[in-house]
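Asker: start_5.json is reproduced below (JSON, C-alpha atoms).
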[["chain", "number", "residue", "atom", "x", "y", "z"],
["A", 1, "MET", "CA", 116.51, 88.19, 100.74],
["A", 2, "LYS", "CA", 112.98, 88.63, 99.36],
["A", 3, "LYS", "CA", 111.52, 89.16, 102.84],
["A", 4, "ALA", "CA", 114.22, 91.67, 103.73],
["A", 5, "LEU", "CA", 113.62, 93.56, 100.49],
["A", 6, "SER", "CA", 109.88, 93.63, 101.18],
["A", 7, "ALA", "CA", 110.47, 95.07, 104.64],
["A", 8, "VAL", "CA", 112.80, 97.73, 103.25],
["A", 9, "ILE", "CA", 110.32, 98.77, 100.58],
["A", 10, "LEU", "CA", 107.47, 98.91, 103.08],
["A", 11, "THR", "CA", 109.58, 100.99, 105.46],
["A", 12, "VAL", "CA", 110.53, 103.39, 102.68],
["A", 13, "LEU", "CA", 106.90, 103.73, 101.64],
["A", 14, "LEU", "CA", 105.73, 104.44, 105.14],
["A", 15, "PHE", "CA", 108.39, 106.96, 106.04],
["A", 16, "THR", "CA", 109.47, 108.70, 102.84],
["A", 17, "GLY", "CA", 108.78, 112.39, 103.12],
["A", 18, "SER", "CA", 107.07, 112.12, 106.48],
["A", 19, "ALA", "CA", 109.38, 110.27, 108.86],
["A", 20, "TRP", "CA", 110.73, 113.38, 110.51],
["A", 21, "ALA", "CA", 107.69, 115.61, 110.20],
["A", 22, "GLU", "CA", 106.00, 116.73, 113.39],
["A", 23, "GLU", "CA", 102.76, 115.21, 112.16],
["A", 24, "PRO", "CA", 103.47, 112.30, 109.81],
["A", 25, "GLU", "CA", 101.08, 112.00, 106.92],
["A", 26, "ARG", "CA", 98.94, 108.91, 106.83],
["A", 27, "MET", "CA", 99.34, 106.46, 104.00],
["A", 28, "THR", "CA", 97.25, 103.54, 102.91],
["A", 29, "VAL", "CA", 99.31, 100.60, 101.69],
["A", 30, "VAL", "CA", 97.77, 97.36, 100.46],
["A", 31, "LEU", "CA", 99.86, 94.18, 100.50],
["A", 32, "ALA", "CA", 98.69, 91.25, 98.40],
["A", 33, "THR", "CA", 100.56, 88.05, 97.67],
["A", 34, "ASP", "CA", 100.33, 84.96, 95.51],
["A", 35, "MET", "CA", 98.06, 86.47, 92.86],
["A", 36, "HIS", "CA", 98.85, 83.60, 90.43],
["A", 37, "TYR", "CA", 97.42, 85.47, 87.42],
["A", 38, "PHE", "CA", 96.50, 83.00, 84.68],
["A", 39, "SER", "CA", 95.62, 84.18, 81.20],
["A", 40, "PRO", "CA", 92.50, 82.47, 79.89],
["A", 41, "SER", "CA", 93.96, 82.85, 76.40],
["A", 42, "LEU", "CA", 96.54, 80.13, 77.14],
["A", 43, "ALA", "CA", 94.07, 77.35, 77.86],
["A", 44, "ASP", "CA", 90.88, 75.89, 76.58],
["A", 45, "ILE", "CA", 88.95, 76.23, 79.82],
["A", 46, "ASN", "CA", 86.57, 73.37, 79.41],
["A", 47, "GLU", "CA", 85.33, 70.58, 81.66],
["A", 48, "GLU", "CA", 88.52, 68.52, 81.21],
["A", 49, "PHE", "CA", 90.70, 71.50, 82.12],
["A", 50, "ILE", "CA", 88.68, 72.20, 85.26],
["A", 51, "GLU", "CA", 88.79, 68.52, 86.29],
["A", 52, "ALA", "CA", 92.58, 68.50, 85.84],
["A", 53, "VAL", "CA", 92.95, 71.64, 87.95],
["A", 54, "TYR", "CA", 90.87, 70.28, 90.81],
["A", 55, "ALA", "CA", 92.54, 66.88, 90.63],
["A", 56, "ALA", "CA", 95.95, 68.56, 91.03],
["A", 57, "ASP", "CA", 95.49, 70.81, 94.03],
["A", 58, "GLY", "CA", 92.01, 72.27, 94.16],
["A", 59, "LYS", "CA", 92.95, 75.74, 92.92],
["A", 60, "GLY", "CA", 90.36, 77.56, 90.88],
["A", 61, "ILE", "CA", 92.94, 79.00, 88.48],
["A", 62, "HIS", "CA", 90.31, 79.33, 85.80],
["A", 63, "TYR", "CA", 88.94, 82.23, 87.89],
["A", 64, "SER", "CA", 92.27, 83.93, 88.56],
["A", 65, "SER", "CA", 91.97, 86.57, 85.83],
["A", 66, "GLN", "CA", 88.50, 87.48, 87.14],
["A", 67, "ILE", "CA", 89.80, 87.61, 90.71],
["A", 68, "CYS", "CA", 92.73, 89.83, 89.68],
["A", 69, "ARG", "CA", 90.40, 92.14, 87.74],
["A", 70, "ALA", "CA", 88.13, 92.39, 90.80],
["A", 71, "PHE", "CA", 91.21, 93.20, 92.91],
["A", 72, "VAL", "CA", 92.15, 96.04, 90.54],
["A", 73, "ARG", "CA", 88.57, 97.38, 90.63],
["A", 74, "ASP", "CA", 88.65, 97.27, 94.44],
["A", 75, "MET", "CA", 91.98, 99.11, 94.50],
["A", 76, "LEU", "CA", 90.67, 101.77, 92.11],
["A", 77, "ALA", "CA", 87.73, 102.29, 94.48],
["A", 78, "LEU", "CA", 89.91, 102.27, 97.63],
["A", 79, "ARG", "CA", 92.61, 104.52, 96.10],
["A", 80, "PRO", "CA", 95.50, 103.42, 98.35],
["A", 81, "ASP", "CA", 98.79, 105.29, 98.16],
["A", 82, "ALA", "CA", 100.52, 102.08, 97.13],
["A", 83, "VAL", "CA", 99.89, 98.43, 96.32],
["A", 84, "ILE", "CA", 102.65, 95.93, 97.05],
["A", 85, "LEU", "CA", 102.42, 92.55, 95.35],
["A", 86, "SER", "CA", 104.81, 90.00, 96.78],
["A", 87, "GLY", "CA", 105.67, 86.79, 95.06],
["A", 88, "ASP", "CA", 103.98, 84.45, 92.64],
["A", 89, "LEU", "CA", 102.49, 87.15, 90.46],
["A", 90, "THR", "CA", 101.52, 84.63, 87.78],
["A", 91, "LEU", "CA", 100.67, 80.95, 87.80],
["A", 92, "ASN", "CA", 103.76, 79.47, 86.20],
["A", 93, "GLY", "CA", 105.65, 82.48, 84.92],
["A", 94, "GLU", "CA", 104.62, 82.32, 81.27],
["A", 95, "PRO", "CA", 105.48, 85.62, 79.53],
["A", 96, "GLN", "CA", 101.85, 86.02, 78.35],
["A", 97, "HIS", "CA", 100.65, 85.88, 81.97],
["A", 98, "HIS", "CA", 103.17, 88.56, 82.93],
["A", 99, "ARG", "CA", 102.28, 90.82, 80.01],
["A", 100, "GLU", "CA", 98.55, 90.67, 80.71],
["A", 101, "PHE", "CA", 98.92, 91.11, 84.46],
["A", 102, "SER", "CA", 101.29, 94.03, 83.91],
["A", 103, "GLU", "CA", 98.71, 95.67, 81.63],
["A", 104, "LEU", "CA", 96.03, 95.13, 84.26],
["A", 105, "LEU", "CA", 98.21, 96.62, 86.98],
["A", 106, "GLY", "CA", 98.91, 99.52, 84.65],
["A", 107, "GLU", "CA", 95.35, 100.68, 85.35],
["A", 108, "LEU", "CA", 96.42, 101.30, 88.95],
["A", 109, "ALA", "CA", 99.57, 103.14, 87.91],
["A", 110, "ASP", "CA", 97.55, 105.24, 85.47],
["A", 111, "ALA", "CA", 95.27, 106.21, 88.36],
["A", 112, "GLY", "CA", 98.26, 107.44, 90.36],
["A", 113, "ILE", "CA", 98.48, 104.39, 92.63],
["A", 114, "ARG", "CA", 102.05, 103.22, 93.14],
["A", 115, "VAL", "CA", 102.49, 99.56, 92.28],
["A", 116, "LEU", "CA", 105.46, 97.63, 93.61],
["A", 117, "ALA", "CA", 105.77, 94.08, 92.34],
["A", 118, "LEU", "CA", 108.24, 91.64, 93.86],
["A", 119, "PRO", "CA", 108.45, 88.56, 91.62],
["A", 120, "GLY", "CA", 108.58, 85.19, 93.33],
["A", 121, "ASN", "CA", 109.50, 81.70, 92.26],
["A", 122, "HIS", "CA", 106.75, 81.74, 89.60],
["A", 123, "ALA", "CA", 108.27, 84.72, 87.80],
["A", 124, "VAL", "CA", 110.05, 84.81, 84.49],
["A", 125, "ALA", "CA", 113.37, 86.63, 84.43],
["A", 126, "ALA", "CA", 114.00, 86.60, 80.68],
["A", 127, "ASP", "CA", 110.99, 88.74, 79.78],
["A", 128, "GLY", "CA", 111.31, 90.93, 82.86],
["A", 129, "TYR", "CA", 108.45, 92.33, 84.83],
["A", 130, "HIS", "CA", 107.85, 96.02, 84.86],
["A", 131, "VAL", "CA", 104.95, 98.10, 86.05],
["A", 132, "SER", "CA", 105.39, 101.81, 85.67],
["A", 133, "SER", "CA", 104.17, 104.04, 88.43],
["A", 134, "ASN", "CA", 103.56, 107.72, 88.79],
["A", 135, "GLY", "CA", 106.23, 108.98, 91.17]]
For this file, write the structure as structure tokens.

Answerer:
Amino acid sequence: MKKALSAVILTVLLFTGSAWAEEPERMTVVLATDMHYFSPSLADINEEFIEAVYAADGKGIHYSSQICRAFVRDMLALRPDAVILSGDLTLNGEPQHHREFSELLGELADAGIRVLALPGNHAVAADGYHVSSNG
């Protein structure tokens, strides 16, 4: 279902308002997945934490907030028409992760970049996930 929904959204983005025009307008759409945003405020990122992370699966989650911020900066410079984020928006779905990542993505929406977020299995349903967009 998630893959089908992603394809429908992408199709709508690509063809809305231009599908039947003689000269379709060009759009820039960025697709990113598995962002795994992790709020540094929820952990004491010290040597023990880093050792535990690398012992588990080698992910550098202690850098995820920096990586996500760099992604937002890159998108603000690129100015795509839309950014689609599919699945695993946060590390383990903690509400704090979702709130902070939503605020970060709000910078894109404030700049007029449409943000479409499709939560995955690391999402939290109770708190919801909403990113406003212009249009």

Asker: What does the structure give for the distance between atom CA of A:Val72 and atom CA of A:Ala55, in Å to one decimal?

Answerer: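 Spanning atom CA of A:Val72 to atom CA of A:Ala55 is a straight-line distance of 29.2 Å.
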
Asker: Find the residues near A:Ser41: any atom within 12 Å, counting only C-alpha atoms, skip ones fewer than 4 places away on the same chain, and give them as an MDAnalysis selection string.

Answerer: chainID A and resid 37 45 62 65 94 96:97 100

Asker: I'd like the interatomic distance between atom CA of A:His36 and atom CA of A:Ile61, to a tenth of an Å.

Answerer: 7.7 Å

Asker: When distances are computed from only C-alpha atoms, which of A:Arg26, A:Arg114, A:Leu85, A:Asn46 shows the smallest separation from A:Phe71?

Answerer: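 Checking each candidate against A:Phe71, we get A:Leu85 as the closest.
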
Asker: With only C-alpha atoms as the counted atoms, please give the residues lying no more than 6 Å from A:Val83, apart from itself and same-chain residues fewer than 4 positions off, as a PyMOL selection string.

Answerer: chain A and resi 29-31+115

Asker: Under the rule that all atoms listed in the file are counted, which of A:Gly106, A:Glu48, A:Ser64, A:Ile84 is the nearest residue to A:Leu118?

Answerer: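 Result for the nearest residue to A:Leu118: A:Ile84.
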
Asker: Distance atom CA of A:Ala77-atom CA of A:Ala32, one decimal place?

Answerer: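 Going from atom CA of A:Ala77 over to atom CA of A:Ala32, I get 16.0 Å.
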